[in-house]
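Trainee: What follows is run39.txt; its format and atoms are compact mmCIF, C-alpha atoms.
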```txt
# COMPACT_ATOMS: atom_id res chain seq x y z
CA MET A 1 0.00 0.00 0.00
CA GLU A 2 1.44 3.35 -1.04
CA TYR A 3 1.44 6.08 1.59
CA ASN A 4 -0.99 8.25 -0.37
CA GLU A 5 -3.49 5.36 -0.10
CA PHE A 6 -2.77 4.80 3.58
CA GLU A 7 -2.76 8.43 4.70
CA PRO A 8 -6.58 8.84 4.91
CA ILE A 9 -6.69 5.73 7.13
CA TYR A 10 -3.82 7.08 9.21
CA GLU A 11 -5.61 10.40 9.66
CA ALA A 12 -8.74 8.56 10.80
CA ILE A 13 -6.63 6.60 13.32
CA LEU A 14 -5.08 9.82 14.64
CA ALA A 15 -8.50 11.36 15.07
CA ASP A 16 -10.03 8.28 16.71
CA PHE A 17 -7.26 7.79 19.27
CA GLY A 18 -6.18 11.39 19.70
CA PHE A 19 -2.64 10.53 18.67
CA ASP A 20 -0.14 13.25 17.79
CA ARG A 21 1.25 13.12 14.24
CA THR A 22 4.35 15.09 15.27
CA ALA A 23 5.10 12.52 17.97
CA ASP A 24 4.95 9.75 15.34
CA GLU A 25 7.29 11.76 13.14
CA ARG A 26 9.67 12.31 16.04
CA ALA A 27 9.69 8.57 16.70
CA ARG A 28 10.34 7.92 13.02
CA GLU A 29 13.40 10.17 13.10
CA THR A 30 14.62 8.56 16.32
CA LEU A 31 14.45 5.17 14.62
CA ALA A 32 16.07 6.47 11.45
CA ALA A 33 19.05 7.80 13.42
CA ARG A 34 19.67 4.37 14.95
CA THR A 35 19.23 2.14 11.90
CA ASP A 36 20.60 1.52 8.43
CA PRO A 37 18.77 0.89 5.16
CA PHE A 38 17.31 -2.61 5.12
CA ASP A 39 17.82 -4.87 2.10
CA LEU A 40 14.38 -6.27 1.27
CA GLY A 41 16.16 -9.03 -0.61
CA LYS A 42 16.59 -10.69 2.78
CA LEU A 43 12.84 -11.34 2.62
CA GLY A 44 12.77 -12.29 -1.05
CA VAL A 45 11.56 -15.79 -0.16
CA VAL A 46 8.14 -14.30 0.60
CA ARG A 47 7.32 -13.74 -3.06
CA ASP A 48 4.74 -16.25 -4.28
CA ALA A 49 4.77 -18.05 -0.91
CA THR A 50 2.00 -18.94 1.50
CA VAL A 51 2.71 -16.83 4.58
CA ALA A 52 1.39 -17.50 8.06
CA ILE A 53 0.50 -14.25 9.81
CA ALA A 54 0.68 -15.25 13.47
CA GLY A 55 -1.08 -13.04 15.97
CA ALA A 56 -0.42 -13.22 19.68
CA GLY A 57 -3.93 -14.27 20.71
CA PRO A 58 -4.61 -17.18 23.07
CA SER A 59 -5.73 -19.43 20.21
CA LEU A 60 -2.18 -19.55 18.86
CA GLU A 61 -1.44 -22.19 21.50
CA SER A 62 -4.00 -24.56 20.00
CA ARG A 63 -2.79 -27.58 18.07
CA ALA A 64 -4.83 -26.56 15.02
CA ALA A 65 -3.29 -23.09 14.85
CA LEU A 66 0.23 -24.37 15.35
CA GLU A 67 -0.17 -27.00 12.64
CA ARG A 68 -1.59 -24.44 10.22
CA ALA A 69 1.43 -22.21 10.84
CA ARG A 70 3.81 -25.12 10.46
CA ALA A 71 2.27 -26.03 7.10
CA CYS A 72 2.97 -22.59 5.59
CA ASP A 73 6.03 -21.77 3.50
CA ILE A 74 6.92 -18.68 5.54
CA VAL A 75 5.97 -17.52 9.03
CA PHE A 76 5.63 -13.90 10.17
CA GLY A 77 5.14 -13.48 13.91
CA ALA A 78 3.63 -10.47 15.65
CA SER A 79 5.25 -9.58 18.97
CA THR A 80 5.03 -12.43 21.52
CA ALA A 81 3.61 -14.82 18.91
CA VAL A 82 7.26 -15.43 18.05
CA ASP A 83 7.95 -16.85 21.51
CA VAL A 84 4.93 -19.17 21.34
CA LEU A 85 5.88 -20.44 17.88
CA GLU A 86 9.50 -21.05 18.81
CA ALA A 87 8.46 -22.88 21.97
CA HIS A 88 6.72 -25.32 19.61
CA ASP A 89 9.72 -25.58 17.25
CA ILE A 90 8.20 -23.42 14.53
CA ALA A 91 10.82 -21.15 13.00
CA VAL A 92 9.86 -17.54 12.35
CA ASP A 93 11.09 -15.86 9.18
CA CYS A 94 10.25 -12.30 10.26
CA MET A 95 9.08 -10.66 13.48
CA VAL A 96 6.92 -7.53 13.50
CA THR A 97 6.96 -5.48 16.68
CA ASP A 98 6.72 -2.06 18.28
CA LEU A 99 9.03 -3.27 21.09
CA ASP A 100 6.33 -3.22 23.77
CA LYS A 101 6.72 -6.73 25.21
CA ASN A 102 9.72 -8.95 24.42
CA PRO A 103 12.81 -6.92 23.54
CA GLU A 104 15.20 -9.79 24.24
CA THR A 105 13.51 -11.81 21.50
CA VAL A 106 14.01 -8.90 19.10
CA VAL A 107 17.72 -8.72 19.84
CA ARG A 108 18.17 -12.50 19.69
CA LEU A 109 16.44 -12.84 16.32
CA THR A 110 18.56 -10.15 14.69
CA GLU A 111 21.72 -11.71 16.12
CA ARG A 112 20.88 -15.00 14.43
CA GLY A 113 20.02 -13.33 11.13
CA THR A 114 16.23 -13.22 11.25
CA PRO A 115 14.71 -9.93 10.05
CA VAL A 116 12.69 -7.91 12.55
CA ALA A 117 10.39 -5.11 11.38
CA VAL A 118 10.75 -2.58 14.20
CA HIS A 119 7.98 0.00 14.33
CA ALA A 120 8.33 3.48 15.81
CA HIS A 121 5.32 5.47 17.01
CA GLY A 122 4.69 8.38 19.31
CA ASP A 123 4.93 6.59 22.65
CA ASN A 124 7.71 4.05 22.14
CA ILE A 125 10.68 6.35 21.64
CA PRO A 126 12.39 5.18 24.88
CA ALA A 127 12.15 1.56 23.72
CA VAL A 128 13.59 2.47 20.31
CA ARG A 129 16.52 4.19 21.98
CA GLU A 130 17.16 1.29 24.35
CA VAL A 131 16.57 -1.79 22.19
CA VAL A 132 17.55 -0.95 18.62
CA PRO A 133 21.24 -0.19 19.29
CA ARG A 134 21.57 -3.69 20.80
CA CYS A 135 20.39 -5.33 17.56
CA ARG A 136 22.34 -6.53 14.56
CA LEU A 137 21.25 -3.60 12.44
CA GLU A 138 21.42 -5.26 9.04
CA TYR A 139 18.43 -7.35 10.16
CA VAL A 140 16.32 -4.44 11.43
CA LEU A 141 13.63 -3.23 9.04
CA PRO A 142 12.57 0.20 10.34
CA THR A 143 8.90 1.16 9.89
CA THR A 144 6.59 4.03 10.72
CA GLN A 145 2.85 4.75 10.61
CA ALA A 146 3.61 8.33 9.59
CA LYS A 147 4.89 9.43 6.18
CA PRO A 148 7.93 7.32 5.22
CA SER A 149 11.22 9.17 5.30
CA GLY A 150 14.65 8.08 4.15
CA HIS A 151 15.08 4.39 4.85
CA VAL A 152 12.14 4.20 7.30
CA ARG A 153 9.25 2.58 5.45
CA ASN A 154 5.48 2.46 5.76
CA PHE A 155 3.90 -0.65 4.24
CA GLY A 156 0.50 0.03 5.83
CA GLY A 157 -1.16 -1.32 8.94
CA PHE A 158 -1.56 -0.24 12.55
CA THR A 159 -1.14 -3.11 15.03
CA ASP A 160 1.76 -5.55 14.90
CA GLY A 161 -0.44 -8.25 13.39
CA ASP A 162 -1.99 -6.32 10.54
CA ARG A 163 1.35 -4.63 9.78
CA ALA A 164 2.76 -8.14 9.33
CA ALA A 165 0.01 -8.88 6.82
CA PHE A 166 0.62 -5.65 4.89
CA LEU A 167 4.37 -6.35 4.84
CA ALA A 168 3.82 -9.85 3.43
CA ASP A 169 1.51 -8.37 0.80
CA ALA A 170 4.10 -5.76 -0.18
CA LEU A 171 6.70 -8.49 -0.55
CA GLY A 172 4.54 -10.41 -3.01
CA ALA A 173 3.05 -13.19 -0.89
CA HIS A 174 0.78 -15.52 -2.86
CA SER A 175 -1.62 -16.13 0.05
CA LEU A 176 -1.96 -15.21 3.71
CA GLU A 177 -2.94 -17.66 6.45
CA PHE A 178 -4.04 -16.05 9.72
CA VAL A 179 -3.43 -17.93 12.99
CA GLY A 180 -3.63 -16.76 16.59
CA TRP A 181 -6.09 -13.96 15.89
CA ASP A 182 -8.74 -13.50 18.59
CA PHE A 183 -10.87 -10.45 17.82
CA ASP A 184 -13.38 -11.37 20.52
CA ASP A 185 -10.90 -12.06 23.31
CA PRO A 186 -12.77 -10.92 26.49
CA SER A 187 -9.54 -10.51 28.44
CA VAL A 188 -8.32 -7.45 26.50
CA ASP A 189 -8.74 -3.94 27.85
CA PRO A 190 -10.85 -1.30 26.05
CA MET A 191 -7.83 0.26 24.32
CA LYS A 192 -6.71 -3.11 22.95
CA ALA A 193 -10.28 -3.89 21.87
CA LYS A 194 -10.36 -0.62 19.96
CA LYS A 195 -7.05 -1.46 18.28
CA LEU A 196 -8.40 -4.86 17.30
CA HIS A 197 -11.39 -3.13 15.70
CA TRP A 198 -8.93 -1.14 13.61
CA ALA A 199 -7.05 -4.32 12.75
CA ILE A 200 -10.30 -5.72 11.35
CA ALA A 201 -10.83 -2.56 9.30
CA LEU A 202 -7.32 -2.67 7.88
CA LEU A 203 -7.55 -6.34 7.00
CA VAL A 204 -10.84 -5.62 5.23
CA ALA A 205 -8.95 -3.03 3.18
CA LEU A 206 -6.17 -5.51 2.49
CA GLU A 207 -8.43 -8.30 1.32
CA GLN A 208 -10.14 -5.84 -0.99
CA ARG A 209 -6.76 -4.84 -2.42
CA ARG A 210 -5.80 -8.48 -2.90
CA ASN A 211 -9.23 -9.54 -4.20
CA GLU A 212 -9.10 -12.24 -1.56
CA ARG A 213 -11.28 -13.36 1.36
CA PHE A 214 -9.59 -13.85 4.73
CA SER A 215 -11.55 -16.38 6.75
CA VAL A 216 -10.34 -14.72 9.95
CA LEU A 217 -12.69 -11.84 9.11
CA ASP A 218 -15.80 -13.98 8.79
CA GLY A 219 -18.40 -12.61 11.18
CA HIS A 220 -16.45 -9.37 11.67
CA ARG A 221 -16.67 -7.47 8.38
CA GLU A 222 -20.16 -6.32 9.28
CA SER A 223 -18.79 -4.37 12.27
CA ILE A 224 -16.84 -2.01 10.02
CA ASP A 225 -18.18 1.29 8.74
CA THR A 226 -15.70 1.67 5.89
CA SER A 227 -16.45 5.35 5.30
CA ALA A 228 -15.83 6.17 8.97
CA VAL A 229 -12.36 4.62 8.98
CA GLY A 230 -11.05 6.21 5.80
CA LEU A 231 -11.55 3.19 3.53
CA GLU A 232 -13.91 4.96 1.16
```
Represent the structure of the file as structure tokens.

Mentor:
Amino acid sequence: MEYNEFEPIYEAILADFGFDRTADERARETLAARTDPFDLGKLGVVRDATVAIAGAGPSLESRAALERARACDIVFGASTAVDVLEAHDIAVDCMVTDLDKNPETVVRLTERGTPVAVHAHGDNIPAVREVVPRCRLEYVLPTTQAKPSGHVRNFGGFTDGDRAAFLADALGAHSLEFVGWDFDDPSVDPMKAKKLHWAIALLVALEQRRNERFSVLDGHRESIDTSAVGLE
């Protein structure tokens, strides 16, 4: 997704959450100053592959979800989904994170040569400053939800999980398989529930772009007012 397509969605997100665009831009520049350009060729194996997009919901621990992930060609893990997958001997090909939960996993993956898409936004600048310099920088893919600048990219998306899906799409994935996604998880707080609503909206936009139907959205598409979230 090009930024000019994503910007109306981004503006709707800013308005809905009361986020500060300048804070996102400041975070973007903080990340840019601590990273190098990332060679997307390191993720060239994604093209024409079936990619598991693993969310960090409770259902990821189920046998069915784990086997579905294992059967895919490539696995993208959002945040702590990586730890769950690795605990079950499922290798992750890329991690997508805003550094809010498991920084040691981020560092460890880059050290072993696994790409990590590190996302900077308005309230994670301290984490960017603390974690990124500890990483093997050639395996850090820097991303932003604001306008891309320099080598910091914006592939689309808002939460770790849907950003992973947009990244796989941008890299030419043939199909996306969603595991560990729990939109109706009653244990999440109201802020997380609101973010999950936006994840649904963004995945609706992505399946429309791909002319594809994501089964993970079945029963949830009806909750989205596409005009209200910048999709029309």

Trainee: Using only C-alpha atoms, find the one residue out of A:Asp48, A:Asp100, A:Glu86, A:Asp225 that sits nearest to Ala168 of chain A.

Mentor: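 Smallest distance to Ala168 of chain A is found for A:Asp48.
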
Trainee: Have a look at A:Ile224, A:Ala87, A:Ala65, A:Ala49 and name the one nearest to Trp198 of chain A; count all atoms listed in the file.

Mentor: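 Of all the options, A:Ile224 lies closest to Trp198 of chain A.
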
Trainee: Extract, using only C-alpha atoms, all DNA, RNA and protein residues at most 8 Å from Phe166 of chain A, discarding same-chain residues fewer than 4 positions from it, and format them as JSON, numbers by chain.

Mentor: {"A": [1, 155, 156, 157, 162, 170, 206]}

Trainee: Which residue, A:Leu43, A:Ala15, A:Ile125, A:Ala164, has the smallest gap to Glu177 of chain A when you use only C-alpha atoms?

Mentor: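 Distance minimum relative to Glu177 of chain A lands on A:Ala164.
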
Trainee: For atom CA of Lys147 of chain A and atom CA of Asp98 of chain A, quote the distance in Å rounded to one decimal.

Mentor: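 The value is 16.8 Å.
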
Trainee: As JSON, please report the centre and edge lengths, rounded to one decimal in Å, of the axis-aligned box that holds all listed atoms of segment 76-87 of chain A with 3 Å of padding on each of the six sides.

Mentor:
```
{"center_x": 6.6, "center_y": -16.2, "center_z": 16.1, "size_x": 11.9, "size_y": 19.3, "size_z": 17.8}
```

Trainee: Of the residues A:Val84, A:Ala33, A:Ala56, A:Ala23, which is the one nearest to Asp185 of chain A, using all atoms listed in the file?

Mentor: A:Ala56

Trainee: Between A:Ala193, A:Ala64, A:Leu109, A:Ala201, which residue has the minimum interatomic distance to Val82 of chain A, considering all atoms listed in the file?

Mentor: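 Of all the options, A:Leu109 lies closest to Val82 of chain A.
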
Trainee: Of the residues A:Ile74, A:Asp83, A:His220, A:Arg34, which is the one nearest to Glu61 of chain A, using all atoms listed in the file?

Mentor: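 Among A:Ile74, A:Asp83, A:His220, A:Arg34, it is A:Asp83 that comes nearest to Glu61 of chain A.
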
Trainee: Which distance in Å separates atom CA of Leu66 of chain A and atom CA of Gly161 of chain A, to one decimal?

Mentor: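 Pair atom CA of Leu66 of chain A / atom CA of Gly161 of chain A returns 16.3 Å.
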
Trainee: Any idea what the distance is between atom CA of Ala32 of chain A and atom CA of Thr143 of chain A?

Mentor: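 Rounded to one decimal, the two atoms are 9.1 Å apart.
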
Trainee: When you look at Val92 of chain A with a cut-off of 7 Å (counting only C-alpha atoms), what residues show up, excluding the ones that are within fewer than 4 positions of it in the same chain? I need them as a CSV table (one decimal) with C-alpha atoms, keeping the file's coordinate frame.

Mentor:
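Contents of the output file part_4.csv:
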```csv
chain,number,residue,atom,x,y,z
A,75,VAL,CA,6.0,-17.5,9.0
A,76,PHE,CA,5.6,-13.9,10.2
A,77,GLY,CA,5.1,-13.5,13.9
A,82,VAL,CA,7.3,-15.4,18.0
```
